[in-house]
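Enquirer: After the structure tokens below, expect a handful of questions from me.
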Amino acid sequence: MAAPVDSVRFPEPGRSPEPAGSAGPGVLPAPRRPGPVPWVAMYHSVGDCSDDPYRITVTPERLEGQLAWLRRRGLRGVSVADLLAARGRGGARNLVGLTFDDGYADFVTEALPLLRRWECGATLFVLPGRLGGDNAWDPLGPRKPLLTADGIRHAAAEGVEIGSHGLTHVDLTRADDVTLKAEVAESRARIEELTGTRVDGFCYPYGTVDARAVEAVREAGYAYACAIDPGPLTGPHALPRVHVGQNDTAWRLHLKHRLHRLRRRPVEGV
């Protein structure tokens, strides 16, 4: 059963949330047509991909090539919060959301310098219940270190949006009610305490999502959430994303970008 889709609009500072193009006080604006679902790229680790059974790693060289491809096409990578804010103002045509799941330590050492070089923003989804740990949820390995609290604060200080990936990387569609609430609500509170900033974004571990998980995320106060391919649940709290990996050359990125725009039907509230 599809969860109800609600509107996500981020007004500019100092301005009222009145829709762009309003005819003025007392005059109702024309209904805003839903646009195509935004293109959001999903990354994980940036480093050595010689041992990569889950295909979650891109080399720094490949990431730089992918960011260069975006810029050559007149596109710019931004955080999901910035992407949705720009869409609310009608100005997101040349923006692409960049997300990095799990909070690997190599985000700060490898990805962040490249994002700065190419003047791109990003959203980093972290696991506050595994600070300084590793990806123990991947049985085949290899073990990759996760960011410490200081590493997350460093990324936030550099302008990276920090979102929640849950507490410990649990499949929320299989979690009991107590675990679901802790993974969604407690993780948000911990990150806000750690960074001193509001957390607007959530990312479903493994990309798995159902109506119950969507409702828990909405009730926890998140403005949006990212999945992979949520099907009829697609909306502000179940945004689809496109996996980007080591094999994605310029030509493959072009095809993925084009196919996304062709397949994704407009959705209210996104």
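In the structure tokens, the first chain shown is A, the next is B, and so on; residue numbers restart at 1 for each chain, and ligands run from 1 in the order shown.
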Set the distance at 12 Å and use only C-alpha atoms: which residues neighbour Trp251 in chain A once local chain neighbours fewer than 3 positions away are removed? I'd like the list as a list in words.
Expert: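 The contact residues come out as Gly65, Gln66, Trp69, Leu70, Asn247, Asp248, His254, Leu255, Lys256, His257 and Arg258 of chain A.
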Enquirer: Write the selection just made, keeping C-alpha atoms, as a CSV table (one decimal), in the first residue's frame?
Expert:
chain,number,residue,atom,x,y,z
A,65,GLY,CA,36.0,11.5,-13.8
A,66,GLN,CA,32.3,11.3,-12.9
A,69,TRP,CA,31.4,14.6,-16.5
A,70,LEU,CA,28.7,16.4,-14.6
A,247,ASN,CA,32.1,0.7,-14.1
A,248,ASP,CA,30.2,3.9,-14.7
A,254,HIS,CA,24.8,9.5,-19.8
A,255,LEU,CA,22.5,6.5,-20.3
A,256,LYS,CA,21.6,6.3,-16.6
A,257,HIS,CA,20.7,10.0,-16.5
A,258,ARG,CA,18.6,9.7,-19.6
Enquirer: Which one is closest to Ala216 in chain A: A:Leu180, A:Leu84, A:Ile191, A:Leu253? Count only C-alpha atoms.
Expert: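 For Ala216 in chain A, the nearest of the candidates is A:Leu180.
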Enquirer: Of the candidates A:Val244, A:Ala155, A:Leu131, A:Leu146, which shows the shortest atom-to-atom distance to Arg190 in chain A, using only C-alpha atoms?
Expert: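 Between A:Val244, A:Ala155, A:Leu131, A:Leu146, the residue approaching Arg190 in chain A most closely is A:Leu131.
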Enquirer: Taking only C-alpha atoms into account, which of A:Leu239, A:Val126, A:Ala111, A:Ala86 comes nearest Val58 in chain A?
Expert: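 For Val58 in chain A, the nearest of the given residues is A:Ala111.
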Enquirer: Could the residues of range 221-246 of chain A that have an atom at most 12 Å from range 89-103 of chain A be listed as a Markdown table, each with its closest atom pair and the distance in Å to one decimal, counting only C-alpha atoms and ordered by chain and ascending residue number?
Expert:
| residue | atom | partner | partner_atom | distance |
| --- | --- | --- | --- | --- |
| A:Ala225 | CA | A:Thr99 | CA | 11.4 |
| A:Cys226 | CA | A:Thr99 | CA | 9.1 |
| A:Ala227 | CA | A:Asp101 | CA | 10.8 |
| A:Ile228 | CA | A:Thr99 | CA | 11.5 |
| A:Leu239 | CA | A:Gly97 | CA | 10.9 |
| A:Pro240 | CA | A:Gly97 | CA | 11.0 |
| A:Arg241 | CA | A:Thr99 | CA | 8.9 |
| A:Val242 | CA | A:Leu98 | CA | 9.9 |
| A:His243 | CA | A:Thr99 | CA | 9.9 |
| A:Val244 | CA | A:Leu98 | CA | 9.9 |
| A:Gly245 | CA | A:Phe100 | CA | 11.7 |
Enquirer: Which residues are near Tyr54 in chain A? Cut-off 9 Å, only C-alpha atoms, ignore same chain within fewer than 3 positions. Put them as a PDB file with all heavy atoms, in the first residue's frame.
Expert:
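Okay, around04.pdb is ready:
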ATOM      1  N   THR A  57      32.341   0.467  -4.052  1.00  0.00           N
ATOM      2  CA  THR A  57      33.515   1.336  -4.036  1.00  0.00           C
ATOM      3  C   THR A  57      33.817   1.879  -5.422  1.00  0.00           C
ATOM      4  O   THR A  57      33.730   1.172  -6.422  1.00  0.00           O
ATOM      5  CB  THR A  57      34.741   0.559  -3.518  1.00  0.00           C
ATOM      6  OG1 THR A  57      34.410  -0.093  -2.297  1.00  0.00           O
ATOM      7  CG2 THR A  57      35.931   1.487  -3.294  1.00  0.00           C
ATOM      8  N   ASP A 138      28.307  -6.364   6.340  1.00  0.00           N
ATOM      9  CA  ASP A 138      28.662  -6.975   5.059  1.00  0.00           C
ATOM     10  C   ASP A 138      29.444  -8.261   5.322  1.00  0.00           C
ATOM     11  O   ASP A 138      30.661  -8.212   5.592  1.00  0.00           O
ATOM     12  CB  ASP A 138      29.518  -6.021   4.221  1.00  0.00           C
ATOM     13  CG  ASP A 138      28.722  -4.870   3.639  1.00  0.00           C
ATOM     14  OD1 ASP A 138      27.507  -5.039   3.442  1.00  0.00           O
ATOM     15  OD2 ASP A 138      29.319  -3.803   3.373  1.00  0.00           O
ATOM     16  N   LEU A 140      30.705 -10.575   3.533  1.00  0.00           N
ATOM     17  CA  LEU A 140      31.815 -10.904   2.645  1.00  0.00           C
ATOM     18  C   LEU A 140      32.982  -9.934   2.760  1.00  0.00           C
ATOM     19  O   LEU A 140      34.030 -10.157   2.158  1.00  0.00           O
ATOM     20  CB  LEU A 140      31.326 -10.948   1.188  1.00  0.00           C
ATOM     21  CG  LEU A 140      30.243 -11.979   0.867  1.00  0.00           C
ATOM     22  CD1 LEU A 140      29.864 -11.908  -0.602  1.00  0.00           C
ATOM     23  CD2 LEU A 140      30.721 -13.392   1.228  1.00  0.00           C
ATOM     24  N   GLY A 141      32.779  -8.845   3.526  1.00  0.00           N
ATOM     25  CA  GLY A 141      33.869  -7.878   3.658  1.00  0.00           C
ATOM     26  C   GLY A 141      34.118  -7.151   2.350  1.00  0.00           C
ATOM     27  O   GLY A 141      33.272  -7.158   1.453  1.00  0.00           O
TER      28      GLY A 141
END
Enquirer: Please identify all polymer residues within 6 Å of range 127-129 of chain A, counting only C-alpha atoms, omitting same-chain residues fewer than 2 positions from it, and present them as a VMD selection string.
Expert: chain A and resid 131 165 to 168
Enquirer: Next, dump the selected residues to file, keeping only N, CA and C atoms, as a short mmCIF file (atom, residue, chain, number, x, y, z; two decimals), in the first residue's frame.
Expert:
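Saved to out32.cif:
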data_model
loop_
_atom_site.label_atom_id
_atom_site.label_comp_id
_atom_site.auth_asym_id
_atom_site.auth_seq_id
_atom_site.Cartn_x
_atom_site.Cartn_y
_atom_site.Cartn_z
N LEU A 131 29.98 4.58 15.36
CA LEU A 131 31.05 5.56 15.19
C LEU A 131 32.42 4.90 15.40
N HIS A 165 21.50 7.25 8.56
CA HIS A 165 21.36 5.97 7.87
C HIS A 165 20.86 4.91 8.86
N GLY A 166 20.22 5.43 9.94
CA GLY A 166 19.83 4.57 11.04
C GLY A 166 20.96 4.51 12.07
N LEU A 167 20.73 3.76 13.13
CA LEU A 167 21.76 3.62 14.17
C LEU A 167 22.84 2.64 13.77
N THR A 168 22.43 1.46 13.29
CA THR A 168 23.39 0.36 13.12
C THR A 168 23.30 -0.37 11.79
#
Enquirer: As a ChimeraX atom specification, please: every residue in range 144-201 of chain A that DSSP puts in strand (DSSP E or B).
Expert: /A:145-146,161-164,201
Enquirer: For C-alpha atoms, I'd like the residues from the last selection saved as a PDB file, in the first residue's frame.
Expert:
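Result saved to out01.pdb:
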ATOM      1  CA  PRO A 145      36.514   1.834   8.736  1.00  0.00           C
ATOM      2  CA  LEU A 146      33.668   4.226   9.446  1.00  0.00           C
ATOM      3  CA  GLU A 161      24.869  17.762   4.761  1.00  0.00           C
ATOM      4  CA  ILE A 162      24.812  15.022   7.395  1.00  0.00           C
ATOM      5  CA  GLY A 163      21.840  12.674   7.342  1.00  0.00           C
ATOM      6  CA  SER A 164      20.907   9.498   9.195  1.00  0.00           C
ATOM      7  CA  GLY A 201      17.453  13.578   5.704  1.00  0.00           C
TER       8      GLY A 201
END
Enquirer: Need to verify the contact set: Thr179 in chain A, 12 Å, only C-alpha atoms, exclusion of same-chain residues closer than 3 positions in sequence. Can you return it as a ChimeraX atom specification?
Expert: /A:166-176,182-187,213,216
Enquirer: I'd like the contact shell of Glu193 in chain A - 12 Å cut-off, only C-alpha atoms, skipping same-chain residues fewer than 4 positions apart - returned as a ChimeraX atom specification.
Expert: /A:128,149,152-153,186-189,197-199
Enquirer: Give me, as a compact mmCIF listing (two decimals) with N, CA and C atoms, in the first residue's frame, the residues of range 28-237 of chain A that a backbone DSSP run labels helix (DSSP H, G or I).
Expert:
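Contents of the output file states13.txt:
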# COMPACT_ATOMS: atom_id res chain seq x y z
N PRO A 60 39.22 7.04 -6.36
CA PRO A 60 39.22 8.50 -6.47
C PRO A 60 39.30 8.97 -7.91
N GLU A 61 40.04 8.26 -8.73
CA GLU A 61 40.17 8.65 -10.13
C GLU A 61 38.83 8.54 -10.86
N ARG A 62 38.08 7.47 -10.57
CA ARG A 62 36.78 7.31 -11.22
C ARG A 62 35.80 8.38 -10.73
N LEU A 63 35.79 8.64 -9.42
CA LEU A 63 34.90 9.68 -8.90
C LEU A 63 35.22 11.02 -9.53
N GLU A 64 36.49 11.34 -9.66
CA GLU A 64 36.84 12.62 -10.27
C GLU A 64 36.35 12.68 -11.72
N GLY A 65 36.49 11.58 -12.45
CA GLY A 65 35.99 11.54 -13.81
C GLY A 65 34.49 11.74 -13.87
N GLN A 66 33.76 11.18 -12.93
CA GLN A 66 32.31 11.32 -12.90
C GLN A 66 31.88 12.74 -12.55
N LEU A 67 32.59 13.36 -11.62
CA LEU A 67 32.29 14.75 -11.28
C LEU A 67 32.62 15.67 -12.45
N ALA A 68 33.71 15.36 -13.15
CA ALA A 68 34.07 16.14 -14.33
C ALA A 68 33.00 16.01 -15.41
N TRP A 69 32.44 14.79 -15.54
CA TRP A 69 31.38 14.58 -16.53
C TRP A 69 30.18 15.45 -16.21
N LEU A 70 29.81 15.53 -14.94
CA LEU A 70 28.69 16.38 -14.55
C LEU A 70 28.94 17.83 -14.96
N ARG A 71 30.13 18.32 -14.64
CA ARG A 71 30.42 19.73 -14.90
C ARG A 71 30.48 20.02 -16.40
N ARG A 72 31.00 19.07 -17.18
CA ARG A 72 31.04 19.28 -18.64
C ARG A 72 29.64 19.40 -19.22
N VAL A 80 21.08 16.68 -1.02
CA VAL A 80 19.66 16.45 -1.30
C VAL A 80 18.83 17.60 -0.76
N ALA A 81 19.18 18.12 0.41
CA ALA A 81 18.43 19.25 0.97
C ALA A 81 18.50 20.45 0.03
N ASP A 82 19.68 20.74 -0.51
CA ASP A 82 19.80 21.87 -1.44
C ASP A 82 19.06 21.59 -2.74
N LEU A 83 19.07 20.35 -3.19
CA LEU A 83 18.36 19.98 -4.42
C LEU A 83 16.86 20.21 -4.25
N LEU A 84 16.29 19.75 -3.14
CA LEU A 84 14.86 19.91 -2.92
C LEU A 84 14.48 21.37 -2.69
N ALA A 85 15.36 22.12 -2.02
CA ALA A 85 15.10 23.54 -1.83
C ALA A 85 15.06 24.26 -3.17
N ALA A 86 16.01 23.94 -4.04
CA ALA A 86 16.05 24.57 -5.36
C ALA A 86 14.83 24.18 -6.18
N ARG A 87 14.38 22.93 -6.07
CA ARG A 87 13.17 22.51 -6.79
C ARG A 87 11.96 23.28 -6.30
N GLY A 88 11.90 23.55 -4.99
CA GLY A 88 10.79 24.32 -4.45
C GLY A 88 10.74 25.73 -5.02
N ASP A 106 36.82 7.03 4.43
CA ASP A 106 37.46 7.54 3.21
C ASP A 106 36.67 8.68 2.58
N PHE A 107 35.46 8.97 3.07
CA PHE A 107 34.75 10.13 2.54
C PHE A 107 35.55 11.40 2.80
N VAL A 108 36.09 11.54 4.00
CA VAL A 108 36.84 12.75 4.35
C VAL A 108 38.18 12.81 3.63
N THR A 109 38.86 11.67 3.54
CA THR A 109 40.20 11.68 2.96
C THR A 109 40.21 11.65 1.43
N GLU A 110 39.23 11.00 0.82
CA GLU A 110 39.24 10.80 -0.63
C GLU A 110 38.15 11.58 -1.37
N ALA A 111 36.91 11.50 -0.89
CA ALA A 111 35.80 12.12 -1.62
C ALA A 111 35.74 13.62 -1.41
N LEU A 112 35.87 14.06 -0.18
CA LEU A 112 35.70 15.48 0.13
C LEU A 112 36.63 16.40 -0.66
N PRO A 113 37.93 16.09 -0.78
CA PRO A 113 38.79 16.96 -1.59
C PRO A 113 38.34 17.07 -3.05
N LEU A 114 37.81 15.97 -3.61
CA LEU A 114 37.35 15.99 -4.99
C LEU A 114 36.07 16.80 -5.13
N LEU A 115 35.18 16.67 -4.17
CA LEU A 115 33.95 17.47 -4.20
C LEU A 115 34.29 18.95 -4.16
N ARG A 116 35.26 19.32 -3.34
CA ARG A 116 35.67 20.73 -3.26
C ARG A 116 36.30 21.18 -4.56
N ARG A 117 37.13 20.32 -5.15
CA ARG A 117 37.81 20.69 -6.40
C ARG A 117 36.81 20.99 -7.50
N PRO A 128 25.26 6.68 13.62
CA PRO A 128 25.79 7.11 14.92
C PRO A 128 25.93 6.00 15.95
N GLY A 129 25.36 4.83 15.69
CA GLY A 129 25.54 3.69 16.57
C GLY A 129 26.78 2.88 16.26
N ARG A 130 27.54 3.27 15.22
CA ARG A 130 28.75 2.54 14.84
C ARG A 130 29.94 3.49 14.65
N ALA A 149 33.24 10.38 15.44
CA ALA A 149 32.46 11.60 15.69
C ALA A 149 33.21 12.82 15.16
N ASP A 150 34.52 12.86 15.37
CA ASP A 150 35.31 14.00 14.89
C ASP A 150 35.29 14.07 13.37
N GLY A 151 35.33 12.92 12.70
CA GLY A 151 35.28 12.90 11.24
C GLY A 151 33.97 13.44 10.71
N ILE A 152 32.87 13.07 11.36
CA ILE A 152 31.56 13.56 10.94
C ILE A 152 31.46 15.06 11.16
N ARG A 153 31.95 15.53 12.32
CA ARG A 153 31.94 16.97 12.57
C ARG A 153 32.79 17.72 11.55
N HIS A 154 33.90 17.13 11.15
CA HIS A 154 34.75 17.76 10.14
C HIS A 154 34.00 17.89 8.81
N ALA A 155 33.33 16.83 8.40
CA ALA A 155 32.56 16.88 7.15
C ALA A 155 31.47 17.94 7.23
N ALA A 156 30.77 18.00 8.37
CA ALA A 156 29.71 18.99 8.54
C ALA A 156 30.28 20.41 8.49
N ALA A 157 31.45 20.61 9.09
CA ALA A 157 32.07 21.93 9.09
C ALA A 157 32.48 22.36 7.69
N LEU A 172 14.96 -2.02 7.95
CA LEU A 172 13.81 -1.52 8.69
C LEU A 172 12.53 -2.27 8.38
N THR A 173 12.45 -2.90 7.24
CA THR A 173 11.24 -3.64 6.90
C THR A 173 11.12 -4.93 7.72
N ARG A 174 12.20 -5.32 8.40
CA ARG A 174 12.18 -6.53 9.24
C ARG A 174 12.32 -6.20 10.72
N ASP A 177 8.87 -2.95 16.35
CA ASP A 177 8.50 -1.55 16.57
C ASP A 177 9.53 -0.79 17.39
N VAL A 178 10.07 -1.41 18.43
CA VAL A 178 11.06 -0.75 19.29
C VAL A 178 12.33 -0.45 18.50
N THR A 179 12.80 -1.43 17.76
CA THR A 179 14.01 -1.23 16.96
C THR A 179 13.80 -0.19 15.89
N LEU A 180 12.66 -0.23 15.24
CA LEU A 180 12.37 0.73 14.18
C LEU A 180 12.42 2.16 14.72
N LYS A 181 11.81 2.39 15.86
CA LYS A 181 11.80 3.74 16.43
C LYS A 181 13.21 4.19 16.80
N ALA A 182 13.99 3.28 17.40
CA ALA A 182 15.35 3.63 17.80
C ALA A 182 16.21 3.94 16.58
N GLU A 183 16.11 3.10 15.56
CA GLU A 183 16.94 3.29 14.37
C GLU A 183 16.61 4.61 13.66
N VAL A 184 15.36 5.00 13.69
CA VAL A 184 14.93 6.20 12.98
C VAL A 184 15.02 7.46 13.84
N ALA A 185 14.36 7.44 14.99
CA ALA A 185 14.27 8.65 15.83
C ALA A 185 15.53 8.88 16.65
N GLU A 186 16.05 7.83 17.30
CA GLU A 186 17.23 8.02 18.15
C GLU A 186 18.45 8.39 17.32
N SER A 187 18.58 7.83 16.12
CA SER A 187 19.73 8.17 15.29
C SER A 187 19.71 9.66 14.94
N ARG A 188 18.53 10.20 14.67
CA ARG A 188 18.43 11.62 14.36
C ARG A 188 18.87 12.47 15.54
N ALA A 189 18.39 12.12 16.73
CA ALA A 189 18.74 12.88 17.93
C ALA A 189 20.24 12.84 18.19
N ARG A 190 20.86 11.69 18.00
CA ARG A 190 22.30 11.56 18.26
C ARG A 190 23.12 12.41 17.28
N ILE A 191 22.73 12.40 16.01
CA ILE A 191 23.48 13.18 15.03
C ILE A 191 23.32 14.67 15.29
N GLU A 192 22.12 15.08 15.65
CA GLU A 192 21.90 16.50 15.95
C GLU A 192 22.73 16.93 17.15
N GLU A 193 22.84 16.07 18.14
CA GLU A 193 23.67 16.38 19.29
C GLU A 193 25.15 16.43 18.90
N LEU A 194 25.55 15.54 18.01
CA LEU A 194 26.95 15.45 17.59
C LEU A 194 27.37 16.65 16.75
N THR A 195 26.50 17.09 15.83
CA THR A 195 26.86 18.16 14.90
C THR A 195 26.36 19.52 15.32
N PRO A 205 18.59 1.81 5.14
CA PRO A 205 19.66 0.81 4.96
C PRO A 205 19.26 -0.26 3.96
N TYR A 206 20.19 -0.65 3.14
CA TYR A 206 19.99 -1.62 2.06
C TYR A 206 19.02 -1.10 0.99
N GLY A 207 18.50 0.10 1.15
CA GLY A 207 17.54 0.64 0.20
C GLY A 207 16.15 0.05 0.33
N ALA A 211 5.70 0.82 3.61
CA ALA A 211 4.87 1.92 4.09
C ALA A 211 5.08 2.16 5.58
N ARG A 212 5.32 1.09 6.35
CA ARG A 212 5.55 1.24 7.79
C ARG A 212 6.83 2.02 8.06
N ALA A 213 7.90 1.71 7.34
CA ALA A 213 9.16 2.43 7.52
C ALA A 213 9.02 3.89 7.11
N VAL A 214 8.32 4.14 6.01
CA VAL A 214 8.10 5.51 5.55
C VAL A 214 7.37 6.30 6.63
N GLU A 215 6.34 5.72 7.22
CA GLU A 215 5.57 6.43 8.24
C GLU A 215 6.43 6.71 9.48
N ALA A 216 7.29 5.78 9.85
CA ALA A 216 8.17 5.99 11.01
C ALA A 216 9.14 7.14 10.75
N VAL A 217 9.66 7.22 9.54
CA VAL A 217 10.58 8.30 9.18
C VAL A 217 9.86 9.63 9.18
N ARG A 218 8.65 9.66 8.64
CA ARG A 218 7.87 10.90 8.63
C ARG A 218 7.55 11.35 10.05
N GLU A 219 7.14 10.42 10.90
CA GLU A 219 6.78 10.76 12.27
C GLU A 219 7.99 11.24 13.08
N GLY A 231 9.34 2.22 -5.94
CA GLY A 231 8.12 1.93 -6.68
C GLY A 231 7.00 2.89 -6.35
N PRO A 232 5.79 2.38 -6.04
CA PRO A 232 4.64 3.27 -5.78
C PRO A 232 4.80 4.10 -4.52
N LEU A 233 5.78 3.80 -3.66
CA LEU A 233 6.01 4.60 -2.46
C LEU A 233 6.78 5.88 -2.77
